[in-house]
$ cat start_27.cif   # mmCIF, C-alpha atoms and all ligand atoms
data_final
loop_
_atom_site.group_PDB
_atom_site.id
_atom_site.type_symbol
_atom_site.label_atom_id
_atom_site.label_comp_id
_atom_site.auth_asym_id
_atom_site.auth_seq_id
_atom_site.Cartn_x
_atom_site.Cartn_y
_atom_site.Cartn_z
ATOM 1 C CA MET A 125 0.000 0.000 0.000
ATOM 2 C CA LYS A 126 2.785 2.416 0.939
ATOM 3 C CA GLU A 127 4.578 1.683 -2.308
ATOM 4 C CA LYS A 128 1.381 2.308 -4.307
ATOM 5 C CA ILE A 129 0.866 5.626 -2.525
ATOM 6 C CA LEU A 130 4.426 6.676 -3.319
ATOM 7 C CA GLN A 131 3.999 5.649 -6.915
ATOM 8 C CA LEU A 132 0.840 7.734 -7.278
ATOM 9 C CA LEU A 133 2.495 10.748 -5.664
ATOM 10 C CA THR A 134 5.520 10.360 -7.946
ATOM 11 C CA GLN A 135 3.429 10.055 -11.111
ATOM 12 C CA GLN A 136 1.405 13.171 -10.436
ATOM 13 C CA GLU A 137 3.051 16.527 -10.162
ATOM 14 C CA GLY A 138 1.589 18.819 -7.528
ATOM 15 C CA ILE A 139 -0.900 17.970 -4.810
ATOM 16 C CA VAL A 140 -2.875 14.710 -4.829
ATOM 17 C CA SER A 141 -6.027 14.796 -2.726
ATOM 18 C CA GLY A 142 -6.714 12.243 -0.018
ATOM 19 C CA GLU A 143 -10.022 11.555 -1.746
ATOM 20 C CA GLN A 144 -8.300 10.703 -5.022
ATOM 21 C CA LEU A 145 -5.846 8.393 -3.277
ATOM 22 C CA SER A 146 -8.578 6.629 -1.342
ATOM 23 C CA SER A 147 -10.684 6.053 -4.455
ATOM 24 C CA VAL A 148 -7.775 4.754 -6.603
ATOM 25 C CA LEU A 149 -6.513 2.520 -3.802
ATOM 26 C CA GLY A 150 -9.958 1.408 -2.614
ATOM 27 C CA VAL A 151 -9.316 2.255 1.043
ATOM 28 C CA SER A 152 -10.712 4.874 3.431
ATOM 29 C CA ARG A 153 -9.201 8.358 3.730
ATOM 30 C CA VAL A 154 -8.256 7.568 7.316
ATOM 31 C CA SER A 155 -6.305 4.555 6.086
ATOM 32 C CA VAL A 156 -4.565 6.734 3.456
ATOM 33 C CA TRP A 157 -3.693 9.245 6.164
ATOM 34 C CA LYS A 158 -2.210 6.520 8.405
ATOM 35 C CA HIS A 159 -0.048 5.193 5.593
ATOM 36 C CA ILE A 160 1.113 8.708 4.753
ATOM 37 C CA ARG A 161 2.082 9.270 8.406
ATOM 38 C CA GLY A 162 4.043 6.002 8.316
ATOM 39 C CA LEU A 163 5.893 7.115 5.195
ATOM 40 C CA GLN A 164 6.647 10.535 6.662
ATOM 41 C CA ASP A 165 7.978 8.882 9.835
ATOM 42 C CA ALA A 166 10.211 6.670 7.674
ATOM 43 C CA GLY A 167 11.731 9.801 6.141
ATOM 44 C CA TYR A 168 9.878 10.128 2.825
ATOM 45 C CA PRO A 169 9.537 13.843 2.000
ATOM 46 C CA ILE A 170 5.733 13.986 1.784
ATOM 47 C CA GLU A 171 4.172 17.346 2.480
ATOM 48 C CA SER A 172 0.641 17.518 3.926
ATOM 49 C CA HIS A 173 -1.435 20.366 2.491
ATOM 50 C CA PRO A 174 -5.046 21.394 3.197
ATOM 51 C CA LYS A 175 -5.954 19.965 -0.215
ATOM 52 C CA GLY A 176 -3.921 16.738 -0.035
ATOM 53 C CA TYR A 177 -0.379 15.475 -0.258
ATOM 54 C CA ARG A 178 2.698 16.205 -2.322
ATOM 55 C CA LEU A 179 5.943 14.297 -2.672
ATOM 56 C CA ALA A 180 8.788 16.818 -2.583
ATOM 57 C CA SER A 181 11.887 16.358 -4.764
ATOM 58 C CA SER A 182 11.032 12.918 -6.111
ATOM 59 C CA HIS A 183 12.560 13.511 -9.546
ATOM 60 C CA ASP A 184 15.764 11.658 -8.780
ATOM 61 C CA ALA A 185 14.701 9.431 -5.925
ATOM 62 C CA LEU A 186 16.064 5.910 -5.922
ATOM 63 C CA PHE A 187 12.743 4.213 -5.166
ATOM 64 C CA ALA A 188 12.507 0.463 -5.746
ATOM 65 C CA TRP A 189 10.096 0.736 -8.669
ATOM 66 C CA GLU A 190 12.676 2.717 -10.605
ATOM 67 C CA PHE A 191 14.542 -0.598 -10.887
ATOM 68 C CA PRO A 192 11.729 -3.021 -11.758
ATOM 69 C CA ASP A 193 14.103 -5.793 -12.892
ATOM 70 C CA ARG A 194 15.818 -5.737 -9.519
ATOM 71 C CA THR A 195 12.882 -6.029 -7.154
ATOM 72 C CA PRO A 196 12.593 -7.783 -4.692
ATOM 73 C CA ASN A 197 16.378 -7.700 -4.192
ATOM 74 C CA TYR A 198 16.580 -3.923 -4.143
ATOM 75 C CA HIS A 199 15.974 -2.052 -0.873
ATOM 76 C CA TYR A 200 15.518 1.690 -0.634
ATOM 77 C CA GLU A 201 15.922 3.561 2.656
ATOM 78 C CA PRO A 202 15.070 7.267 2.751
ATOM 79 C CA GLU A 203 17.256 7.468 5.852
ATOM 80 C CA THR A 204 19.342 4.875 7.632
ATOM 81 C CA SER A 205 22.413 4.692 9.860
ATOM 82 C CA SER A 206 24.534 3.132 7.112
ATOM 83 C CA THR A 207 23.674 0.967 4.125
ATOM 84 C CA MET A 208 26.466 -1.316 5.424
ATOM 85 C CA ASP A 209 24.400 -2.026 8.568
ATOM 86 C CA VAL A 210 21.254 -2.848 6.596
ATOM 87 C CA ALA A 211 23.184 -4.974 4.091
ATOM 88 C CA ARG A 212 24.990 -6.918 6.803
ATOM 89 C CA LYS A 213 21.691 -7.739 8.508
ATOM 90 C CA LEU A 214 20.136 -8.858 5.225
ATOM 91 C CA ALA A 215 23.221 -10.913 4.348
ATOM 92 C CA ARG A 216 23.194 -12.680 7.725
ATOM 93 C CA GLU A 217 19.503 -13.420 7.214
ATOM 94 C CA GLY A 218 20.366 -15.131 3.919
ATOM 95 C CA CYS A 219 19.422 -12.559 1.247
ATOM 96 C CA PRO A 220 20.376 -13.539 -2.334
ATOM 97 C CA HIS A 221 23.534 -12.637 -4.221
ATOM 98 C CA PHE A 222 23.431 -9.101 -5.649
ATOM 99 C CA THR A 223 20.978 -7.668 -3.153
ATOM 100 C CA VAL A 224 21.242 -3.877 -3.238
ATOM 101 C CA VAL A 225 20.606 -1.395 -0.407
ATOM 102 C CA ALA A 226 20.467 2.290 -1.405
ATOM 103 C CA ALA A 227 19.884 5.225 0.932
ATOM 104 C CA GLU A 228 19.016 8.848 0.415
ATOM 105 C CA ARG A 229 20.717 9.819 3.675
ATOM 106 C CA GLN A 230 23.004 8.056 6.137
ATOM 107 C CA THR A 231 23.236 9.277 9.711
ATOM 108 C CA ARG A 232 26.354 7.208 10.484
ATOM 109 C CA GLY A 233 27.947 6.630 7.090
ATOM 110 C CA ARG A 234 31.380 5.122 7.523
ATOM 111 C CA GLY A 235 34.579 4.967 5.551
ATOM 112 C CA ARG A 236 37.702 2.865 5.744
ATOM 113 C CA LEU A 237 39.852 2.913 8.891
ATOM 114 C CA GLN A 238 36.871 4.019 11.004
ATOM 115 C CA ARG A 239 36.470 7.369 9.287
ATOM 116 C CA THR A 240 33.117 9.084 8.938
ATOM 117 C CA TRP A 241 31.622 9.181 5.454
ATOM 118 C CA TYR A 242 29.687 12.422 5.227
ATOM 119 C CA SER A 243 26.497 11.606 3.390
ATOM 120 C CA THR A 244 25.109 14.916 2.294
ATOM 121 C CA ASP A 245 21.999 15.260 0.111
ATOM 122 C CA GLY A 246 22.441 14.485 -3.564
ATOM 123 C CA GLY A 247 25.159 11.842 -3.206
ATOM 124 C CA LEU A 248 24.780 8.185 -4.117
ATOM 125 C CA TYR A 249 25.146 5.806 -1.175
ATOM 126 C CA PHE A 250 24.614 2.099 -1.609
ATOM 127 C CA THR A 251 25.861 -1.353 -0.701
ATOM 128 C CA VAL A 252 25.755 -4.513 -2.809
ATOM 129 C CA VAL A 253 25.661 -7.904 -1.084
ATOM 130 C CA LEU A 254 27.709 -10.412 -3.041
ATOM 131 C CA ARG A 255 28.025 -14.132 -2.546
ATOM 132 C CA PRO A 256 30.936 -14.925 -4.846
ATOM 133 C CA GLN A 257 31.933 -18.547 -5.133
ATOM 134 C CA LEU A 258 35.434 -17.701 -3.996
ATOM 135 C CA PRO A 259 37.770 -18.654 -1.186
ATOM 136 C CA PRO A 260 38.281 -15.721 1.247
ATOM 137 C CA MET A 261 41.820 -15.213 -0.109
ATOM 138 C CA LEU A 262 40.379 -14.248 -3.504
ATOM 139 C CA SER A 263 37.581 -12.003 -2.299
ATOM 140 C CA PHE A 264 39.739 -8.935 -3.056
ATOM 141 C CA LYS A 265 38.859 -9.510 -6.717
ATOM 142 C CA VAL A 266 35.315 -8.220 -6.324
ATOM 143 C CA ASN A 267 36.555 -4.956 -4.778
ATOM 144 C CA PHE A 268 38.941 -4.311 -7.652
ATOM 145 C CA CYS A 269 36.205 -5.274 -10.062
ATOM 146 C CA ALA A 270 33.791 -2.730 -8.537
ATOM 147 C CA SER A 271 36.246 0.179 -8.718
ATOM 148 C CA PHE A 272 37.390 -0.736 -12.223
ATOM 149 C CA VAL A 273 33.814 -1.015 -13.553
ATOM 150 C CA LEU A 274 32.735 2.256 -11.935
ATOM 151 C CA ALA A 275 35.769 4.219 -13.155
ATOM 152 C CA ARG A 276 35.187 2.880 -16.682
ATOM 153 C CA LEU A 277 31.520 3.866 -16.505
ATOM 154 C CA LEU A 278 32.328 7.402 -15.333
ATOM 155 C CA ARG A 279 34.728 7.768 -18.245
ATOM 156 C CA HIS A 280 32.180 6.491 -20.761
ATOM 157 C CA MET A 281 29.104 8.285 -19.447
ATOM 158 C CA PHE A 282 30.653 11.645 -18.560
ATOM 159 C CA ASP A 283 33.946 11.795 -20.355
ATOM 160 C CA VAL A 284 35.809 12.516 -17.118
ATOM 161 C CA PRO A 285 39.358 11.175 -16.609
ATOM 162 C CA ALA A 286 38.425 8.914 -13.670
ATOM 163 C CA CYS A 287 41.345 6.988 -12.176
ATOM 164 C CA VAL A 288 41.518 4.325 -9.498
ATOM 165 C CA LYS A 289 43.678 4.854 -6.445
ATOM 166 C CA TRP A 290 44.788 1.846 -4.414
ATOM 167 C CA PRO A 291 42.959 0.160 -2.956
ATOM 168 C CA ASN A 292 39.562 1.207 -4.298
ATOM 169 C CA ASP A 293 39.057 4.957 -4.414
ATOM 170 C CA ILE A 294 38.139 6.741 -7.597
ATOM 171 C CA LEU A 295 39.721 10.125 -8.277
ATOM 172 C CA VAL A 296 39.408 12.737 -10.944
ATOM 173 C CA GLY A 297 42.564 14.794 -11.174
ATOM 174 C CA ASP A 298 43.670 13.734 -7.685
ATOM 175 C CA ARG A 299 40.349 14.736 -6.133
ATOM 176 C CA LYS A 300 38.226 11.980 -4.643
ATOM 177 C CA ILE A 301 34.893 11.377 -6.296
ATOM 178 C CA CYS A 302 34.152 7.948 -4.851
ATOM 179 C CA GLY A 303 35.086 5.795 -1.862
ATOM 180 C CA MET A 304 34.473 2.087 -1.346
ATOM 181 C CA LEU A 305 34.274 0.017 1.776
ATOM 182 C CA SER A 306 34.013 -3.743 1.878
ATOM 183 C CA GLU A 307 33.022 -6.107 4.651
ATOM 184 C CA MET A 308 33.338 -9.840 4.395
ATOM 185 C CA GLU A 309 32.224 -12.855 6.371
ATOM 186 C CA ALA A 310 33.519 -16.308 5.580
ATOM 187 C CA GLU A 311 32.992 -19.867 6.702
ATOM 188 C CA THR A 312 36.327 -21.697 6.769
ATOM 189 C CA ASP A 313 37.224 -21.850 3.108
ATOM 190 C CA VAL A 314 34.343 -20.131 1.364
ATOM 191 C CA VAL A 315 33.094 -16.574 1.380
ATOM 192 C CA SER A 316 29.677 -16.273 2.926
ATOM 193 C CA PHE A 317 29.223 -12.700 1.748
ATOM 194 C CA VAL A 318 31.219 -9.646 0.699
ATOM 195 C CA ASN A 319 29.373 -6.362 1.003
ATOM 196 C CA ILE A 320 30.683 -3.563 -1.157
ATOM 197 C CA GLY A 321 29.618 -0.103 -0.010
ATOM 198 C CA ILE A 322 29.984 2.738 -2.451
ATOM 199 C CA GLY A 323 29.750 6.455 -1.773
ATOM 200 C CA LEU A 324 29.784 8.514 -4.948
ATOM 201 C CA ASN A 325 29.731 12.318 -5.002
ATOM 202 C CA VAL A 326 27.095 13.060 -7.623
ATOM 203 C CA ASN A 327 25.006 16.202 -7.015
ATOM 204 C CA ASN A 328 26.207 16.850 -3.464
ATOM 205 C CA ALA A 329 28.868 19.349 -2.472
ATOM 206 C CA PRO A 330 31.479 17.291 -0.569
ATOM 207 C CA GLU A 331 34.155 19.994 -0.539
ATOM 208 C CA ALA A 332 32.837 21.545 2.688
ATOM 209 C CA ASP A 333 33.690 18.390 4.672
ATOM 210 C CA GLU A 334 36.511 17.077 2.471
ATOM 211 C CA PRO A 335 38.470 19.812 0.685
ATOM 212 C CA ARG A 336 40.136 17.259 -1.622
ATOM 213 C CA ALA A 337 36.834 15.806 -2.803
ATOM 214 C CA VAL A 338 34.897 16.579 -5.963
ATOM 215 C CA SER A 339 31.420 15.862 -7.290
ATOM 216 C CA LEU A 340 30.292 14.827 -10.742
ATOM 217 C CA LYS A 341 27.990 17.831 -10.873
ATOM 218 C CA SER A 342 30.861 20.259 -10.439
ATOM 219 C CA LEU A 343 32.895 18.408 -13.074
ATOM 220 C CA VAL A 344 30.214 18.292 -15.755
ATOM 221 C CA GLY A 345 28.458 21.541 -14.823
ATOM 222 C CA ARG A 346 24.931 20.148 -14.479
ATOM 223 C CA ASP A 347 22.799 17.877 -12.311
ATOM 224 C CA VAL A 348 23.368 14.207 -13.018
ATOM 225 C CA SER A 349 20.722 11.486 -12.760
ATOM 226 C CA ARG A 350 21.711 9.224 -9.850
ATOM 227 C CA LYS A 351 19.015 6.773 -10.910
ATOM 228 C CA ASP A 352 20.517 6.366 -14.342
ATOM 229 C CA LEU A 353 24.038 6.090 -12.991
ATOM 230 C CA LEU A 354 23.115 3.525 -10.344
ATOM 231 C CA GLY A 355 21.140 1.444 -12.853
ATOM 232 C CA LYS A 356 23.998 1.409 -15.350
ATOM 233 C CA PHE A 357 26.615 0.619 -12.719
ATOM 234 C CA LEU A 358 24.611 -2.294 -11.299
ATOM 235 C CA GLU A 359 24.118 -3.700 -14.789
ATOM 236 C CA ALA A 360 27.809 -3.439 -15.717
ATOM 237 C CA PHE A 361 29.049 -4.738 -12.355
ATOM 238 C CA GLU A 362 26.682 -7.709 -12.398
ATOM 239 C CA ASP A 363 27.666 -8.517 -15.957
ATOM 240 C CA HIS A 364 31.376 -8.377 -15.130
ATOM 241 C CA LEU A 365 30.945 -10.645 -12.108
ATOM 242 C CA LYS A 366 28.947 -13.128 -14.161
ATOM 243 C CA ASN A 367 30.954 -13.210 -17.355
ATOM 244 C CA ARG A 368 34.396 -11.719 -16.843
ATOM 245 C CA MET A 369 35.696 -13.142 -13.599
ATOM 246 C CA GLN A 370 38.245 -15.215 -15.488
ATOM 247 C CA ASP A 371 39.876 -11.984 -16.707
ATOM 248 C CA ASP A 372 42.872 -10.704 -14.804
ATOM 249 C CA ILE A 373 41.093 -7.946 -12.898
ATOM 250 C CA ILE A 374 44.310 -6.539 -11.431
ATOM 251 C CA GLU A 375 45.719 -6.028 -14.937
ATOM 252 C CA SER A 376 42.521 -4.263 -16.053
ATOM 253 C CA TRP A 377 42.508 -2.149 -12.876
ATOM 254 C CA LYS A 378 46.143 -1.131 -13.461
ATOM 255 C CA THR A 379 45.226 0.404 -16.815
ATOM 256 C CA TYR A 380 43.186 2.989 -14.874
ATOM 257 C CA THR A 381 45.377 3.572 -11.866
ATOM 258 C CA SER A 382 47.157 6.786 -10.951
ATOM 259 C CA THR A 383 48.918 5.168 -7.964
ATOM 260 C CA LEU A 384 51.870 3.419 -9.548
ATOM 261 C CA GLY A 385 55.116 5.359 -9.739
ATOM 262 C CA ARG A 386 53.886 7.883 -7.143
ATOM 263 C CA PRO A 387 55.462 8.853 -3.822
ATOM 264 C CA VAL A 388 52.837 7.734 -1.305
ATOM 265 C CA ARG A 389 52.106 7.479 2.375
ATOM 266 C CA ILE A 390 50.264 4.320 3.403
ATOM 267 C CA VAL A 391 48.355 4.328 6.660
ATOM 268 C CA THR A 392 47.162 1.067 8.200
ATOM 269 C CA VAL A 393 45.657 0.467 11.641
ATOM 270 C CA HIS A 394 49.154 -0.427 12.905
ATOM 271 C CA GLU A 395 51.616 1.813 11.101
ATOM 272 C CA THR A 396 52.390 4.455 8.519
ATOM 273 C CA SER A 397 54.880 3.785 5.708
ATOM 274 C CA GLU A 398 56.293 6.083 3.062
ATOM 275 C CA GLY A 399 57.851 5.171 -0.229
ATOM 276 C CA THR A 400 57.082 4.835 -3.921
ATOM 277 C CA ALA A 401 54.177 2.686 -5.077
ATOM 278 C CA VAL A 402 55.790 0.368 -7.615
ATOM 279 C CA ASP A 403 53.212 -2.370 -8.189
ATOM 280 C CA VAL A 404 49.973 -4.032 -7.166
ATOM 281 C CA ASP A 405 50.564 -7.772 -7.045
ATOM 282 C CA GLU A 406 48.247 -10.606 -8.086
ATOM 283 C CA THR A 407 46.664 -10.661 -4.604
ATOM 284 C CA GLY A 408 45.805 -6.946 -4.716
ATOM 285 C CA ALA A 409 48.589 -5.980 -2.274
ATOM 286 C CA LEU A 410 50.444 -2.717 -2.885
ATOM 287 C CA VAL A 411 54.182 -3.098 -3.403
ATOM 288 C CA LEU A 412 55.971 -0.168 -1.846
ATOM 289 C CA GLN A 413 59.607 0.663 -2.453
ATOM 290 C CA LEU A 414 61.010 2.110 0.774
ATOM 291 C CA PRO A 415 63.677 4.843 0.851
ATOM 292 C CA ASP A 416 66.376 2.179 1.489
ATOM 293 C CA GLY A 417 65.367 0.423 -1.747
ATOM 294 C CA SER A 418 63.708 -2.585 -0.101
ATOM 295 C CA LEU A 419 60.204 -3.676 -1.082
ATOM 296 C CA LYS A 420 57.293 -3.942 1.306
ATOM 297 C CA LYS A 421 53.878 -5.427 0.547
ATOM 298 C CA ILE A 422 50.825 -3.867 2.109
ATOM 299 C CA VAL A 423 47.586 -5.801 2.046
ATOM 300 C CA TYR A 424 45.153 -3.196 3.358
ATOM 301 C CA GLY A 425 45.362 0.462 4.235
ATOM 302 C CA ASP A 426 44.764 3.960 3.053
ATOM 303 C CA CYS A 427 46.917 5.593 0.462
ATOM 304 C CA PHE A 428 47.784 9.280 0.329
ATOM 305 C CA TYR A 429 49.604 10.813 -2.576
ATOM 306 C CA ARG A 430 52.546 12.936 -1.483
ATOM 307 C CA THR A 431 52.484 15.873 -3.832
ATOM 308 C CA GLY A 432 55.365 18.141 -4.670
ATOM 309 C CA GLU A 433 57.952 15.411 -4.184
HETATM 310 C C1 LIG B 501 36.244 5.366 2.113
HETATM 311 O O1 LIG B 501 36.639 6.014 1.151
HETATM 312 O O2 LIG B 501 36.792 5.444 3.212
HETATM 313 C C2 LIG B 501 35.071 4.431 1.923
HETATM 314 C C3 LIG B 501 33.760 5.166 1.893
HETATM 315 C C4 LIG B 501 32.550 4.265 1.689
HETATM 316 C C5 LIG B 501 31.242 5.023 1.819
HETATM 317 C C6 LIG B 501 30.061 4.180 1.458
HETATM 318 S S1 LIG B 501 28.560 5.110 1.359
HETATM 319 C C7 LIG B 501 27.644 3.644 1.235
HETATM 320 C C8 LIG B 501 28.247 2.691 2.248
HETATM 321 N N1 LIG B 501 27.702 2.949 3.559
HETATM 322 C C9 LIG B 501 28.627 3.395 4.406
HETATM 323 O O3 LIG B 501 28.420 3.678 5.601
HETATM 324 N N2 LIG B 501 29.815 3.463 3.801
HETATM 325 C C10 LIG B 501 29.737 3.052 2.416
#
$ encode --input "start_27.cif" --output "structure tokens"
Amino acid sequence: MKEKILQLLTQQEGIVSGEQLSSVLGVSRVSVWKHIRGLQDAGYPIESHPKGYRLASSHDALFAWEFPDRTPNYHYEPETSSTMDVARKLAREGCPHFTVVAAERQTRGRGRLQRTWYSTDGGLYFTVVLRPQLPPMLSFKVNFCASFVLARLLRHMFDVPACVKWPNDILVGDRKICGMLSEMEAETDVVSFVNIGIGLNVNNAPEADEPRAVSLKSLVGRDVSRKDLLGKFLEAFEDHLKNRMQDDIIESWKTYTSTLGRPVRIVTVHETSEGTAVDVDETGALVLQLPDGSLKKIVYGDCFYRTGE
């Protein structure tokens, strides 16, 4: 019922009367009112007017019916703590491979190494639950696959020089446009799920919180359809996972990276290392050449480019 109400409000511009809703839906006006209250409490921007109801700013909402081929494995949250929390719960409850959780707003969005991910209005925030038939040691492949596919899509759709930064950020001209976070659970020798969370600066203005961030809107000079972008990414990512997993994803990823050959600082939970990024090996680890010439492999961490060196 709630979904039908939202659909009717989306289809009709302006105010829809309670009477109209109750006659189309075949329920009383009191019942319509109760459902509307429920939707408002859940965070849907429905305005109540003397003459009826109006859905504010629905033009680029990521409602489930915008992705009809993906229901019922697509979940939309107007507001949630983090799509990672919702996805983890669904994954533990046994949801299918390629379940998607998208949110309009996150109150506790998180990034790698326990950072906050500021989730301001207009950004794209979602998590995909994957159940790859892989041993835990190879789960890194899906992360590299996600960043490669998204960088390629940004290049094709918007003609922006998107590059991948180890491990899975996407930059345009050294400014961060996208961050990825992955969480995995495994049972002995097989992955139970890997959740890939993606935060993409689309029509938001991230610079206030992160001076070295950039949005697609500021790059292309117009509003961008998040719906279209999300739909195309999910299609390309799903296709790659289904048909291209035999490809050497690290080699593909390297064709888009701006990390190799750069002086970098790598921060992990235990230590900070500086050197030159010389390679990403077949396990996804970064190979760092230290000032004394020795090589050090780093499996997981955050990479900062040292400029002016
Ligand atoms: C990073 O660059 O540190 C990773 C950022 C990941 C942000 C996304 S937004 C959707 C999903 N939900 C979260 O709380 N985090 C990820």
$ residues_around --input "start_27.cif" --residues "region 155-165 of chain A" --least-positions-apart "3" --cutoff "7 Å" --atoms "all atoms listed in the file" --output "list of chain:residue names"
A:Lys126, A:Gly142, A:Ser146, A:Val151, A:Ser152, A:Tyr168, A:Pro169, A:Ile170
$ resolve_selection --input "start_27.cif" --expression "the PyMOL selection byres (((chain A and resi 130-139) around 10) and not hetatm)" --output "CSV table (one decimal) with C-alpha atoms, in the coordinates of the input"
chain,number,residue,atom,x,y,z
A,125,MET,CA,0.0,0.0,0.0
A,126,LYS,CA,2.8,2.4,0.9
A,127,GLU,CA,4.6,1.7,-2.3
A,128,LYS,CA,1.4,2.3,-4.3
A,129,ILE,CA,0.9,5.6,-2.5
A,140,VAL,CA,-2.9,14.7,-4.8
A,141,SER,CA,-6.0,14.8,-2.7
A,142,GLY,CA,-6.7,12.2,0.0
A,144,GLN,CA,-8.3,10.7,-5.0
A,145,LEU,CA,-5.8,8.4,-3.3
A,148,VAL,CA,-7.8,4.8,-6.6
A,149,LEU,CA,-6.5,2.5,-3.8
A,160,ILE,CA,1.1,8.7,4.8
A,163,LEU,CA,5.9,7.1,5.2
A,168,TYR,CA,9.9,10.1,2.8
A,170,ILE,CA,5.7,14.0,1.8
A,171,GLU,CA,4.2,17.3,2.5
A,172,SER,CA,0.6,17.5,3.9
A,173,HIS,CA,-1.4,20.4,2.5
A,174,PRO,CA,-5.0,21.4,3.2
A,175,LYS,CA,-6.0,20.0,-0.2
A,176,GLY,CA,-3.9,16.7,0.0
A,177,TYR,CA,-0.4,15.5,-0.3
A,178,ARG,CA,2.7,16.2,-2.3
A,179,LEU,CA,5.9,14.3,-2.7
A,180,ALA,CA,8.8,16.8,-2.6
A,181,SER,CA,11.9,16.4,-4.8
A,182,SER,CA,11.0,12.9,-6.1
A,183,HIS,CA,12.6,13.5,-9.5
A,185,ALA,CA,14.7,9.4,-5.9
A,187,PHE,CA,12.7,4.2,-5.2
A,189,TRP,CA,10.1,0.7,-8.7
A,190,GLU,CA,12.7,2.7,-10.6
$ resolve_selection --input "start_27.cif" --expression "the PyMOL selection byres (((chain A and resi 282) around 12) and not hetatm)" --output "number ranges by chain"
A: 274-281, 283-286, 296, 326, 340-349, 353
$ residues_around --input "start_27.cif" --residues "Ile320 (chain A)" --least-positions-apart "4" --cutoff "7 Å" --atoms "only C-alpha atoms" --output "MDAnalysis selection string"
chainID A and resid 251:253 304:307
$ closest_residue --input "start_27.cif" --among "A:Gly235, A:Gly408, A:Pro387, A:Pro220" --to "Pro256 (chain A)" --atoms "only C-alpha atoms"
A:Pro220
